[in-house]
Amino acid sequence: MEPQLAYLKSVIEGAPDIEPWKPWFERNDADLQRHLPRTKYLDLKLNRIKAIPGVLALYGVAFDVSDRYAYLGGVEGRCRDCGAAVEHGPNFHEAGGFMWCPNGCFRMHVLRRPGGAG
């Protein structure tokens with residue numbers, strides 16, 4: 001679990017030029033499931049950077065917090081995978097339409113109903 005803890009520490013501390021979260025997590029998924037309590041694993045999988053302090057504390061790893069990778073926890077207008085500014089088509093806020101990550105992480109169609117009807 002040492003390499004995984006080192007990576008998590010580098011994320012929370014904002015180390016430059018680290019491996020992107022998504023491929024790292026996919027590659028380390030089995031080890032994380034094997035070594036973490038189920039609740040810690042699921043928290044890390046779903047909440048990403050917000051869950052890292054709890055995992056590091058579980059293993060007694062000291063760290064300093066940086067906001068460099070805060071987008072991993074979800075930041076309005078930013079891709080949750082790479083941090084790029086999310087792009088969208090014209091009149092998106094009024095009519096909906098497509099929004100996407102310019103780096104190809106995701107593409108989404110959003111439907112907005114007139115008058116906010118559900």
# chains A, B, ... in the order shown; residues from 1 in each chain; ligands from 1
>>> select_by_dssp(residues="chain A", states="alpha helix (DSSP H)", output="NGL selection string")
:A and (2-12 or 21-35 or 38-47 or 52-58 or 92-95)
>>> atom_distance(atom1="atom CA of Leu72 of chain A", atom2="atom CA of Gly89 of chain A")
23.7 Å
>>> select_by_dssp(residues="chain A", states="strand (DSSP E)", output="ChimeraX atom specification")
/A:87-88,96-100,107-111
>>> write_last_selection(atoms="N, CA, C and O atoms", output="CSV table (one decimal), in the first residue's frame")
chain,number,residue,atom,x,y,z
A,87,GLU,N,-16.6,23.5,-21.3
A,87,GLU,CA,-17.1,24.3,-22.4
A,87,GLU,C,-18.6,23.8,-22.6
A,87,GLU,O,-19.0,22.7,-22.3
A,88,HIS,N,-19.3,24.8,-23.2
A,88,HIS,CA,-20.7,24.5,-23.5
A,88,HIS,C,-21.2,25.3,-24.7
A,88,HIS,O,-20.5,26.3,-25.1
A,96,GLY,N,-30.2,24.7,-22.2
A,96,GLY,CA,-29.6,23.4,-22.1
A,96,GLY,C,-28.7,23.2,-23.3
A,96,GLY,O,-28.3,24.1,-24.0
A,97,GLY,N,-28.4,21.9,-23.6
A,97,GLY,CA,-27.6,21.6,-24.8
A,97,GLY,C,-26.4,20.7,-24.3
A,97,GLY,O,-26.5,20.0,-23.3
A,98,PHE,N,-25.3,20.9,-25.1
A,98,PHE,CA,-24.2,20.0,-24.7
A,98,PHE,C,-23.1,20.8,-23.9
A,98,PHE,O,-23.0,22.0,-24.1
A,99,MET,N,-22.5,20.1,-23.0
A,99,MET,CA,-21.3,20.6,-22.3
A,99,MET,C,-20.3,19.5,-22.4
A,99,MET,O,-20.6,18.3,-22.5
A,100,TRP,N,-19.0,19.9,-22.3
A,100,TRP,CA,-17.9,18.9,-22.5
A,100,TRP,C,-16.6,19.4,-21.9
A,100,TRP,O,-16.4,20.6,-21.7
A,107,ARG,N,-18.5,14.2,-22.3
A,107,ARG,CA,-19.5,15.0,-23.1
A,107,ARG,C,-20.8,14.7,-22.6
A,107,ARG,O,-21.2,13.5,-22.4
A,108,MET,N,-21.7,15.7,-22.4
A,108,MET,CA,-23.0,15.5,-21.7
A,108,MET,C,-24.0,16.4,-22.4
A,108,MET,O,-23.8,17.5,-22.7
A,109,HIS,N,-25.2,15.8,-22.5
A,109,HIS,CA,-26.3,16.6,-23.0
A,109,HIS,C,-27.2,16.9,-21.8
A,109,HIS,O,-27.6,16.0,-21.0
A,110,VAL,N,-27.5,18.2,-21.7
A,110,VAL,CA,-28.4,18.7,-20.6
A,110,VAL,C,-29.7,19.2,-21.2
A,110,VAL,O,-29.7,20.0,-22.1
A,111,LEU,N,-30.8,18.7,-20.6
A,111,LEU,CA,-32.1,19.2,-21.1
A,111,LEU,C,-32.7,20.1,-20.0
A,111,LEU,O,-32.8,19.7,-18.9
>>> closest_atom_pairs(of="segment 30-116 of chain A", to="segment 5-14 of chain A", cutoff="8 Å", atoms="only C-alpha atoms", output="Markdown table")
| residue | atom | partner | partner_atom | distance |
| --- | --- | --- | --- | --- |
| A:Ile49 | CA | A:Ile12 | CA | 6.7 |
| A:Ile52 | CA | A:Leu8 | CA | 6.4 |
| A:Pro53 | CA | A:Ile12 | CA | 7.6 |
| A:Leu56 | CA | A:Leu5 | CA | 6.8 |
| A:Val61 | CA | A:Leu5 | CA | 8.0 |
| A:Phe63 | CA | A:Lys9 | CA | 6.5 |
| A:Asp64 | CA | A:Glu13 | CA | 5.5 |
| A:Val65 | CA | A:Glu13 | CA | 5.0 |
| A:Ser66 | CA | A:Glu13 | CA | 4.9 |
| A:Asp67 | CA | A:Gly14 | CA | 6.7 |
| A:Arg68 | CA | A:Gly14 | CA | 5.0 |
| A:Tyr69 | CA | A:Gly14 | CA | 6.3 |
>>> write_last_selection(atoms="N, CA and C atoms", output="tab-separated table (two decimals), in the first residue's frame")
chain	number	residue	atom	x	y	z
A	49	ILE	N	-10.57	13.63	-3.61
A	49	ILE	CA	-9.65	14.41	-2.77
A	49	ILE	C	-10.22	14.68	-1.38
A	52	ILE	N	-9.15	11.72	0.85
A	52	ILE	CA	-7.73	11.41	1.03
A	52	ILE	C	-7.24	11.63	2.46
A	53	PRO	N	-7.59	12.74	3.14
A	53	PRO	CA	-7.10	12.91	4.51
A	53	PRO	C	-7.48	11.75	5.43
A	56	LEU	N	-5.13	8.75	4.62
A	56	LEU	CA	-3.77	8.98	5.11
A	56	LEU	C	-3.72	8.91	6.64
A	61	VAL	N	-0.06	8.75	8.09
A	61	VAL	CA	0.77	9.54	7.18
A	61	VAL	C	0.47	11.03	7.38
A	63	PHE	N	0.62	15.04	6.44
A	63	PHE	CA	0.54	15.75	5.16
A	63	PHE	C	0.16	17.20	5.39
A	64	ASP	N	0.46	18.03	4.40
A	64	ASP	CA	0.03	19.43	4.35
A	64	ASP	C	-0.95	19.55	3.18
A	65	VAL	N	-2.02	20.29	3.37
A	65	VAL	CA	-3.06	20.39	2.35
A	65	VAL	C	-2.79	21.54	1.38
A	66	SER	N	-2.96	21.24	0.10
A	66	SER	CA	-2.88	22.23	-0.97
A	66	SER	C	-4.20	22.19	-1.73
A	67	ASP	N	-4.55	23.27	-2.42
A	67	ASP	CA	-5.79	23.26	-3.21
A	67	ASP	C	-5.51	23.05	-4.71
A	68	ARG	N	-4.30	22.68	-5.07
A	68	ARG	CA	-3.92	22.51	-6.47
A	68	ARG	C	-4.87	21.56	-7.22
A	69	TYR	N	-5.24	20.46	-6.59
A	69	TYR	CA	-6.10	19.46	-7.24
A	69	TYR	C	-7.52	19.46	-6.66
>>> atom_distance(atom1="atom CA of Phe25 of chain A", atom2="atom CA of Leu44 of chain A")
9.5 Å
>>> atom_distance(atom1="atom CA of Glu26 of chain A", atom2="atom CA of Lys45 of chain A")
9.9 Å
>>> closest_residue(among="A:Gln4, A:Asn28, A:Asn103, A:Thr39", to="Ala51 of chain A", atoms="only C-alpha atoms")
A:Thr39
>>> residues_around(residues="Ala85 of chain A", least_positions_apart="2", cutoff="10 Å", atoms="only C-alpha atoms", output="number ranges by chain")
A: 75-80, 82-83, 87-88, 100-103
>>> closest_residue(among="A:Cys105, A:Pro37, A:Trp24, A:Asp31", to="Asp81 of chain A", atoms="only C-alpha atoms")
A:Cys105
>>> closest_residue(among="A:Gly73, A:Ala30, A:Ala15, A:Pro23", to="Asp43 of chain A", atoms="only C-alpha atoms")
A:Gly73
